[in-house]
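S.K.: Questions regarding the structure given below will be posed in turn.
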Amino acid sequence: SARPVAGRVAVVTGASSGIGEASAERLAELGAVVVVLARRAERLDDLVDRIEKNGGQALALAVDVTDAAAVRAAADRVAAELGGADLLFNNAGVMLPAPVEELATDQWQRQIDLNVSGLMNVIGAFIPQLVEAARERGVADLINTSSIAAQNIFPTFAVYSATKAYVTHLSRHLRAELGAKKVRVSVIEPGIVGTELQSHVTDEGALAWLEGSKQTMEWLTPQDVAQTVGFVASLPPRANLQQVTIMPTGQP
Ligand code: NDP
């Protein structure tokens, strides 16, 4: 059908910019009711307006995913107002490369708090809804955003890459565990995508490397990844795209 995710309730974290924002729009376009979650309420409200103007349905929840209690409260609202989620795009993340010897321990911690602990808070809060939806409707989706950094080696990206290796490995385990319950688990590993991610980078070497990369490749757009998310969710319930690597064509 033209609207393969029609009637589904999709929760998207990190929806106030970049990949999450584009994916929320895409899932709404494919017919899902979309719950958009991030900290910046104003950005989320604008996104909801845009989705509704295009004929979709969306709900904004301003939540810091590192706050486990706030995430649980958000899940309770999704259950009460929309009957629970059957698709979770667990996507919020931050990338702060730096030479390890600089001991940027606050940046190490921010990445671990969001990319690992925040991701787990969201899984913990929404897994019961996904399992319940799969039991009732025969399919549910957990899609986690990792990175090619989970597989490839980039000096100064050690902590970020390790958080993403966690996301990829966790996803494979959860897929094996939840598949029997009809919950599909997928992990998306993008190469460089032009988003706000790069704007948080303070390390001069990493900034120069990112900027220089534009000479040899055209970066992906958030919409490129959003299209992939829509594809993963649109497969027939028997088919689980376990892992997707999407790269700029020119990225080695
Ligand atoms: P953006 O910085 O544009 O998006 C990050 C999103 O996460 C924002 O919506 C931000 O919103 C949200 N966020 C940050 N902190 C929190 C928090 N504590 N609680 C809730 N939401 C939070 O970057 P991208 O779109 O690029 O990143 C999305 C994912 O893609 C990340 O996991 C990233 O690691 C991954 N990725 C990105 C690549 C790239 O090149 N861009 C490549 C590979 C992977 P707010 O500030 O409003 O909370």
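Ordered as shown in the structure tokens, chains take letters A, B, and onward, while each chain numbers its residues from 1 and ligands are numbered from 1 in the order shown.
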How would you report the residues lying within 7 Å of ligand 1, as an MDAnalysis selection string, if you count only C-alpha atoms and all ligand atoms?

M.R.: chainID A and resid 13:21 37:40 63:66 91:95 114:115 145:148 189:198 222

S.K.: Would you mind listing, for every residue of range 130-154 of chain A within 10 Å of range 85-89 of chain A, the two atoms forming the shortest contact and the distance between them in Å to one decimal, using only C-alpha atoms, sorted by chain and ascending residue number, as a tab-separated table?

M.R.:
```
residue	atom	partner	partner_atom	distance
A:Leu130	CA	A:Asp86	CA	4.9
A:Val131	CA	A:Asp86	CA	8.1
A:Glu132	CA	A:Asp86	CA	8.3
A:Ala133	CA	A:Asp86	CA	5.5
A:Ala134	CA	A:Asp86	CA	7.2
A:Arg137	CA	A:Asp86	CA	9.0
A:Val139	CA	A:Asp86	CA	7.6
A:Ala140	CA	A:Asp86	CA	4.8
A:Asp141	CA	A:Leu87	CA	4.6
A:Leu142	CA	A:Leu88	CA	4.9
A:Ile143	CA	A:Phe89	CA	4.8
A:Asn144	CA	A:Phe89	CA	6.0
A:Thr145	CA	A:Phe89	CA	7.6
```

S.K.: How would the residues just picked look written out with C-alpha atoms as a compact mmCIF listing (two decimals), in the first residue's frame?

M.R.:
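Output below, filename selection.txt:
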```txt
# COMPACT_ATOMS: atom_id res chain seq x y z
CA LEU A 130 6.22 -2.85 21.80
CA VAL A 131 5.80 -6.41 23.08
CA GLU A 132 2.11 -5.82 23.79
CA ALA A 133 1.55 -4.29 20.33
CA ALA A 134 3.37 -7.19 18.65
CA ARG A 137 -1.07 -6.85 15.93
CA VAL A 139 4.56 -6.83 14.52
CA ALA A 140 6.41 -4.03 16.28
CA ASP A 141 9.70 -2.29 15.56
CA LEU A 142 12.65 -1.14 17.62
CA ILE A 143 15.08 0.76 15.39
CA ASN A 144 18.26 2.04 17.04
CA THR A 145 20.63 4.60 15.54
```

S.K.: What's around Leu82 in chain A at 10 Å? Count only C-alpha atoms, leave out sequence neighbours fewer than 6 positions away in its own chain, and write the answer as a list in words.

M.R.: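 Using only C-alpha atoms, the neighbours found are Arg8, Val9, Val33, Val34, Val35, Leu59 and Asp76 of chain A.
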
S.K.: What's the 10 Å shell around Leu207 in chain A, counting only C-alpha atoms, without same-chain residues fewer than 6 positions away, as a ChimeraX atom specification?

M.R.: /A:97,198-201,213

S.K.: Keeping C-alpha atoms for every residue in the selection just given, could you write it to a file as a PDB file, in the first residue's frame?

M.R.:
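For reference, part.pdb as written:
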```pdb
ATOM      1  CA  PRO A  97      35.490  13.566  19.530  1.00  0.00           C
ATOM      2  CA  GLN A 198      28.768  18.404  13.909  1.00  0.00           C
ATOM      3  CA  SER A 199      27.848  21.732  15.556  1.00  0.00           C
ATOM      4  CA  HIS A 200      28.541  20.328  19.040  1.00  0.00           C
ATOM      5  CA  VAL A 201      32.090  19.293  18.138  1.00  0.00           C
ATOM      6  CA  SER A 213      35.768  15.547   4.048  1.00  0.00           C
TER       7      SER A 213
END
```

S.K.: Using the chain letters and numbers from this document, which residues of range 13-248 of chain A does DSSP assign to alpha helix (DSSP H), as JSON, numbers by chain?

M.R.: {"A": [18, 19, 20, 21, 22, 23, 24, 25, 26, 27, 28, 29, 41, 42, 43, 44, 45, 46, 47, 48, 49, 50, 51, 52, 53, 68, 69, 70, 71, 72, 73, 74, 75, 76, 77, 78, 79, 80, 81, 82, 105, 106, 107, 108, 109, 110, 111, 119, 120, 121, 122, 123, 124, 125, 126, 127, 128, 129, 130, 131, 132, 133, 134, 135, 136, 137, 158, 159, 160, 161, 162, 163, 164, 165, 166, 167, 168, 169, 170, 171, 172, 173, 174, 175, 176, 177, 178, 204, 205, 206, 207, 208, 209, 210, 211, 212, 213, 222, 223, 224, 225, 226, 227, 228, 229, 230, 231, 232, 233, 234]}

S.K.: When distances are computed from only C-alpha atoms, which of A:Leu61, A:Ile246, A:Val48, A:Ala208 shows the smallest separation from Gln223 in chain A?

M.R.: A:Ile246

S.K.: Find, counting only C-alpha atoms, the residue in A:Pro99, A:Pro248, A:Gly84, A:Gly124 that gets nearest to Gly205 in chain A.

M.R.: A:Pro99

S.K.: For Arg72 in chain A, find every residue with an atom within 12 Å (counting only C-alpha atoms), except residues of its own chain fewer than 5 positions away, and show them as a list in words.

M.R.: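 My list of contacting residues is Leu61, Val63, Asp64, Val65, Thr66, Asp67, Arg77, Val78, Ala79, Gly118, Met120, Asn121, Val122, Ile123, Gly124, Ala125, Phe126, Ile127, Pro128 and Gln129 of chain A.
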
S.K.: For range 228-230 of chain A, find every residue with an atom within 10 Å (counting only C-alpha atoms), except residues of its own chain fewer than 4 positions away, and show them as a VMD selection string.

M.R.: chain A and resid 4 to 5 19 to 20 22 to 30 89 143 to 145 186 to 188 223 to 224 234 to 235 244 to 246

S.K.: Any chance you could export the current selection's C-alpha atoms as a PDB file, in the first residue's frame?

M.R.:
```pdb
ATOM      1  CA  PRO A   4       2.512   0.929   4.720  1.00  0.00           C
ATOM      2  CA  VAL A   5       2.816   2.135   8.295  1.00  0.00           C
ATOM      3  CA  ILE A  19      17.855  12.416  11.347  1.00  0.00           C
ATOM      4  CA  GLY A  20      15.097  12.195  13.975  1.00  0.00           C
ATOM      5  CA  ALA A  22      13.355  13.967   9.030  1.00  0.00           C
ATOM      6  CA  SER A  23      12.352  10.448  10.091  1.00  0.00           C
ATOM      7  CA  ALA A  24       9.363  11.721  12.060  1.00  0.00           C
ATOM      8  CA  GLU A  25       8.194  13.561   8.947  1.00  0.00           C
ATOM      9  CA  ARG A  26       8.752  10.486   6.798  1.00  0.00           C
ATOM     10  CA  LEU A  27       6.907   8.119   9.147  1.00  0.00           C
ATOM     11  CA  ALA A  28       3.993  10.582   9.338  1.00  0.00           C
ATOM     12  CA  GLU A  29       3.944  10.746   5.534  1.00  0.00           C
ATOM     13  CA  LEU A  30       3.752   6.920   5.487  1.00  0.00           C
ATOM     14  CA  PHE A  89      13.070   4.963  16.604  1.00  0.00           C
ATOM     15  CA  ILE A 143      15.077   0.760  15.393  1.00  0.00           C
ATOM     16  CA  ASN A 144      18.265   2.038  17.035  1.00  0.00           C
ATOM     17  CA  THR A 145      20.631   4.601  15.539  1.00  0.00           C
ATOM     18  CA  SER A 186      17.076  -3.091  13.530  1.00  0.00           C
ATOM     19  CA  VAL A 187      20.181  -0.977  13.792  1.00  0.00           C
ATOM     20  CA  ILE A 188      21.046   1.799  11.361  1.00  0.00           C
ATOM     21  CA  GLN A 223      16.120  12.666   4.478  1.00  0.00           C
ATOM     22  CA  ASP A 224      18.344   9.913   3.042  1.00  0.00           C
ATOM     23  CA  SER A 234       7.503  -0.973   5.771  1.00  0.00           C
ATOM     24  CA  LEU A 235       8.803  -4.508   5.273  1.00  0.00           C
ATOM     25  CA  VAL A 244      21.753  -1.184   7.576  1.00  0.00           C
ATOM     26  CA  THR A 245      24.887   0.736   6.683  1.00  0.00           C
ATOM     27  CA  ILE A 246      24.188   3.870   4.670  1.00  0.00           C
TER      28      ILE A 246
END
```

S.K.: Taking the DSSP secondary structure from the backbone, can you list the residues of range 22-202 of chain A that are strand (DSSP E or B), as a PDB file with N, CA and C atoms, in the first residue's frame?

M.R.:
```pdb
ATOM      1  N   VAL A  33       1.048   7.684  13.281  1.00  0.00           N
ATOM      2  CA  VAL A  33       0.908   8.741  14.269  1.00  0.00           C
ATOM      3  C   VAL A  33       2.273   8.843  14.941  1.00  0.00           C
ATOM      4  N   VAL A  34       2.852  10.046  14.956  1.00  0.00           N
ATOM      5  CA  VAL A  34       4.241  10.169  15.396  1.00  0.00           C
ATOM      6  C   VAL A  34       4.349  10.938  16.709  1.00  0.00           C
ATOM      7  N   VAL A  35       5.028  10.345  17.670  1.00  0.00           N
ATOM      8  CA  VAL A  35       5.327  11.016  18.930  1.00  0.00           C
ATOM      9  C   VAL A  35       6.762  11.506  18.849  1.00  0.00           C
ATOM     10  N   VAL A  36       6.944  12.835  18.878  1.00  0.00           N
ATOM     11  CA  VAL A  36       8.277  13.397  18.696  1.00  0.00           C
ATOM     12  C   VAL A  36       8.843  13.845  20.038  1.00  0.00           C
ATOM     13  N   LEU A  37      10.005  13.345  20.336  1.00  0.00           N
ATOM     14  CA  LEU A  37      10.588  13.494  21.664  1.00  0.00           C
ATOM     15  C   LEU A  37      12.002  14.073  21.564  1.00  0.00           C
ATOM     16  N   ALA A  38      12.251  15.119  22.335  1.00  0.00           N
ATOM     17  CA  ALA A  38      13.588  15.731  22.472  1.00  0.00           C
ATOM     18  C   ALA A  38      13.446  16.778  23.578  1.00  0.00           C
ATOM     19  N   GLN A  57      -0.508  13.223  11.784  1.00  0.00           N
ATOM     20  CA  GLN A  57      -0.888  13.370  13.188  1.00  0.00           C
ATOM     21  C   GLN A  57       0.354  13.195  14.056  1.00  0.00           C
ATOM     22  N   ALA A  58       0.551  14.131  14.996  1.00  0.00           N
ATOM     23  CA  ALA A  58       1.768  14.053  15.813  1.00  0.00           C
ATOM     24  C   ALA A  58       1.540  14.611  17.207  1.00  0.00           C
ATOM     25  N   LEU A  59       2.367  14.165  18.134  1.00  0.00           N
ATOM     26  CA  LEU A  59       2.319  14.613  19.524  1.00  0.00           C
ATOM     27  C   LEU A  59       3.737  14.941  19.961  1.00  0.00           C
ATOM     28  N   ALA A  60       3.925  16.137  20.551  1.00  0.00           N
ATOM     29  CA  ALA A  60       5.257  16.536  21.019  1.00  0.00           C
ATOM     30  C   ALA A  60       5.402  16.236  22.501  1.00  0.00           C
ATOM     31  N   LEU A  61       6.522  15.614  22.873  1.00  0.00           N
ATOM     32  CA  LEU A  61       6.829  15.386  24.281  1.00  0.00           C
ATOM     33  C   LEU A  61       8.245  15.897  24.549  1.00  0.00           C
ATOM     34  N   ALA A  62       8.331  17.014  25.290  1.00  0.00           N
ATOM     35  CA  ALA A  62       9.639  17.591  25.609  1.00  0.00           C
ATOM     36  C   ALA A  62      10.236  16.836  26.787  1.00  0.00           C
ATOM     37  N   LEU A  87       6.195   1.293  17.320  1.00  0.00           N
ATOM     38  CA  LEU A  87       7.438   1.552  16.602  1.00  0.00           C
ATOM     39  C   LEU A  87       8.238   2.544  17.437  1.00  0.00           C
ATOM     40  N   LEU A  88       9.467   2.192  17.714  1.00  0.00           N
ATOM     41  CA  LEU A  88      10.348   3.102  18.466  1.00  0.00           C
ATOM     42  C   LEU A  88      11.604   3.338  17.647  1.00  0.00           C
ATOM     43  N   PHE A  89      11.810   4.595  17.254  1.00  0.00           N
ATOM     44  CA  PHE A  89      13.070   4.963  16.604  1.00  0.00           C
ATOM     45  C   PHE A  89      13.925   5.655  17.668  1.00  0.00           C
ATOM     46  N   ASN A  90      14.865   4.896  18.203  1.00  0.00           N
ATOM     47  CA  ASN A  90      15.670   5.285  19.357  1.00  0.00           C
ATOM     48  C   ASN A  90      16.941   5.937  18.817  1.00  0.00           C
ATOM     49  N   ALA A 140       5.994  -5.316  15.718  1.00  0.00           N
ATOM     50  CA  ALA A 140       6.406  -4.028  16.284  1.00  0.00           C
ATOM     51  C   ALA A 140       7.867  -3.830  15.920  1.00  0.00           C
ATOM     52  N   ASP A 141       8.327  -2.591  15.962  1.00  0.00           N
ATOM     53  CA  ASP A 141       9.702  -2.288  15.557  1.00  0.00           C
ATOM     54  C   ASP A 141      10.449  -1.487  16.601  1.00  0.00           C
ATOM     55  N   LEU A 142      11.675  -1.941  16.873  1.00  0.00           N
ATOM     56  CA  LEU A 142      12.647  -1.140  17.622  1.00  0.00           C
ATOM     57  C   LEU A 142      13.797  -0.873  16.663  1.00  0.00           C
ATOM     58  N   ILE A 143      13.997   0.383  16.314  1.00  0.00           N
ATOM     59  CA  ILE A 143      15.077   0.760  15.393  1.00  0.00           C
ATOM     60  C   ILE A 143      16.032   1.683  16.152  1.00  0.00           C
ATOM     61  N   ASN A 144      17.271   1.247  16.302  1.00  0.00           N
ATOM     62  CA  ASN A 144      18.265   2.038  17.035  1.00  0.00           C
ATOM     63  C   ASN A 144      19.231   2.698  16.064  1.00  0.00           C
ATOM     64  N   THR A 145      19.626   3.936  16.367  1.00  0.00           N
ATOM     65  CA  THR A 145      20.631   4.601  15.539  1.00  0.00           C
ATOM     66  C   THR A 145      22.017   4.377  16.125  1.00  0.00           C
ATOM     67  N   VAL A 183       8.722  -8.792  17.779  1.00  0.00           N
ATOM     68  CA  VAL A 183       9.303  -7.448  17.800  1.00  0.00           C
ATOM     69  C   VAL A 183      10.577  -7.496  16.965  1.00  0.00           C
ATOM     70  N   ARG A 184      10.569  -6.745  15.853  1.00  0.00           N
ATOM     71  CA  ARG A 184      11.763  -6.680  15.025  1.00  0.00           C
ATOM     72  C   ARG A 184      12.719  -5.653  15.622  1.00  0.00           C
ATOM     73  N   VAL A 185      14.014  -5.963  15.608  1.00  0.00           N
ATOM     74  CA  VAL A 185      15.012  -5.000  16.071  1.00  0.00           C
ATOM     75  C   VAL A 185      15.985  -4.750  14.929  1.00  0.00           C
ATOM     76  N   SER A 186      16.181  -3.488  14.620  1.00  0.00           N
ATOM     77  CA  SER A 186      17.076  -3.091  13.530  1.00  0.00           C
ATOM     78  C   SER A 186      18.051  -2.048  14.051  1.00  0.00           C
ATOM     79  N   VAL A 187      19.225  -2.026  13.446  1.00  0.00           N
ATOM     80  CA  VAL A 187      20.181  -0.977  13.792  1.00  0.00           C
ATOM     81  C   VAL A 187      20.633  -0.300  12.503  1.00  0.00           C
ATOM     82  N   ILE A 188      20.636   1.025  12.532  1.00  0.00           N
ATOM     83  CA  ILE A 188      21.046   1.799  11.361  1.00  0.00           C
ATOM     84  C   ILE A 188      22.395   2.432  11.650  1.00  0.00           C
ATOM     85  N   GLU A 189      23.329   2.217  10.719  1.00  0.00           N
ATOM     86  CA  GLU A 189      24.693   2.726  10.879  1.00  0.00           C
ATOM     87  C   GLU A 189      25.004   3.689   9.738  1.00  0.00           C
ATOM     88  N   PRO A 190      24.762   4.984   9.938  1.00  0.00           N
ATOM     89  CA  PRO A 190      25.054   5.941   8.872  1.00  0.00           C
ATOM     90  C   PRO A 190      26.516   6.370   8.876  1.00  0.00           C
ATOM     91  N   VAL A 193      26.326  12.407   7.931  1.00  0.00           N
ATOM     92  CA  VAL A 193      25.058  13.042   7.562  1.00  0.00           C
ATOM     93  C   VAL A 193      25.140  14.498   8.035  1.00  0.00           C
TER      94      VAL A 193
END
```

S.K.: Quote the spacing between CA of Ala150 in chain A and CA of Leu241 in chain A in Å to one decimal place.

M.R.: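 Atom-to-atom, CA of Ala150 in chain A to CA of Leu241 in chain A, that is 17.5 Å.
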
S.K.: So which residues touch Thr216 in chain A within 12 Å, counting only C-alpha atoms, skipping near sequence neighbours fewer than 6 positions away, as a list of chain:residue names?

M.R.: A:Trp209, A:Leu210, A:Pro248, A:Thr249, A:Gly250, A:Gln251, A:Pro252

S.K.: Would you mind exporting the chosen residues as a PDB file, in the first residue's frame, restricted to N, CA and C atoms?

M.R.:
```pdb
ATOM      1  N   TRP A 209      38.907  17.747  10.088  1.00  0.00           N
ATOM      2  CA  TRP A 209      38.704  16.499   9.345  1.00  0.00           C
ATOM      3  C   TRP A 209      37.300  16.473   8.731  1.00  0.00           C
ATOM      4  N   LEU A 210      36.301  16.878   9.513  1.00  0.00           N
ATOM      5  CA  LEU A 210      34.924  16.902   9.003  1.00  0.00           C
ATOM      6  C   LEU A 210      34.803  17.871   7.839  1.00  0.00           C
ATOM      7  N   PRO A 248      27.675   8.045   2.544  1.00  0.00           N
ATOM      8  CA  PRO A 248      27.849   8.902   1.383  1.00  0.00           C
ATOM      9  C   PRO A 248      28.594   8.105   0.319  1.00  0.00           C
ATOM     10  N   THR A 249      28.178   8.239  -0.913  1.00  0.00           N
ATOM     11  CA  THR A 249      28.797   7.456  -1.989  1.00  0.00           C
ATOM     12  C   THR A 249      30.309   7.659  -2.011  1.00  0.00           C
ATOM     13  N   GLY A 250      30.753   8.857  -1.732  1.00  0.00           N
ATOM     14  CA  GLY A 250      32.182   9.154  -1.806  1.00  0.00           C
ATOM     15  C   GLY A 250      32.954   8.903  -0.530  1.00  0.00           C
ATOM     16  N   GLN A 251      32.284   8.409   0.524  1.00  0.00           N
ATOM     17  CA  GLN A 251      33.006   8.160   1.789  1.00  0.00           C
ATOM     18  C   GLN A 251      33.675   6.789   1.760  1.00  0.00           C
ATOM     19  N   PRO A 252      35.015   6.726   1.941  1.00  0.00           N
ATOM     20  CA  PRO A 252      35.690   5.426   1.872  1.00  0.00           C
ATOM     21  C   PRO A 252      35.325   4.524   3.067  1.00  0.00           C
TER      22      PRO A 252
END
```

S.K.: What is the distance between CA of Ala98 in chain A and CA of Asp203 in chain A, in Å to one decimal?

M.R.: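 So the two atoms, CA of Ala98 in chain A and CA of Asp203 in chain A, lie 5.6 Å apart.
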
S.K.: Hey, can you check how far CA of Lys182 in chain A sits from CA of Arg135 in chain A?

M.R.: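 Going from CA of Lys182 in chain A over to CA of Arg135 in chain A covers 7.3 Å.
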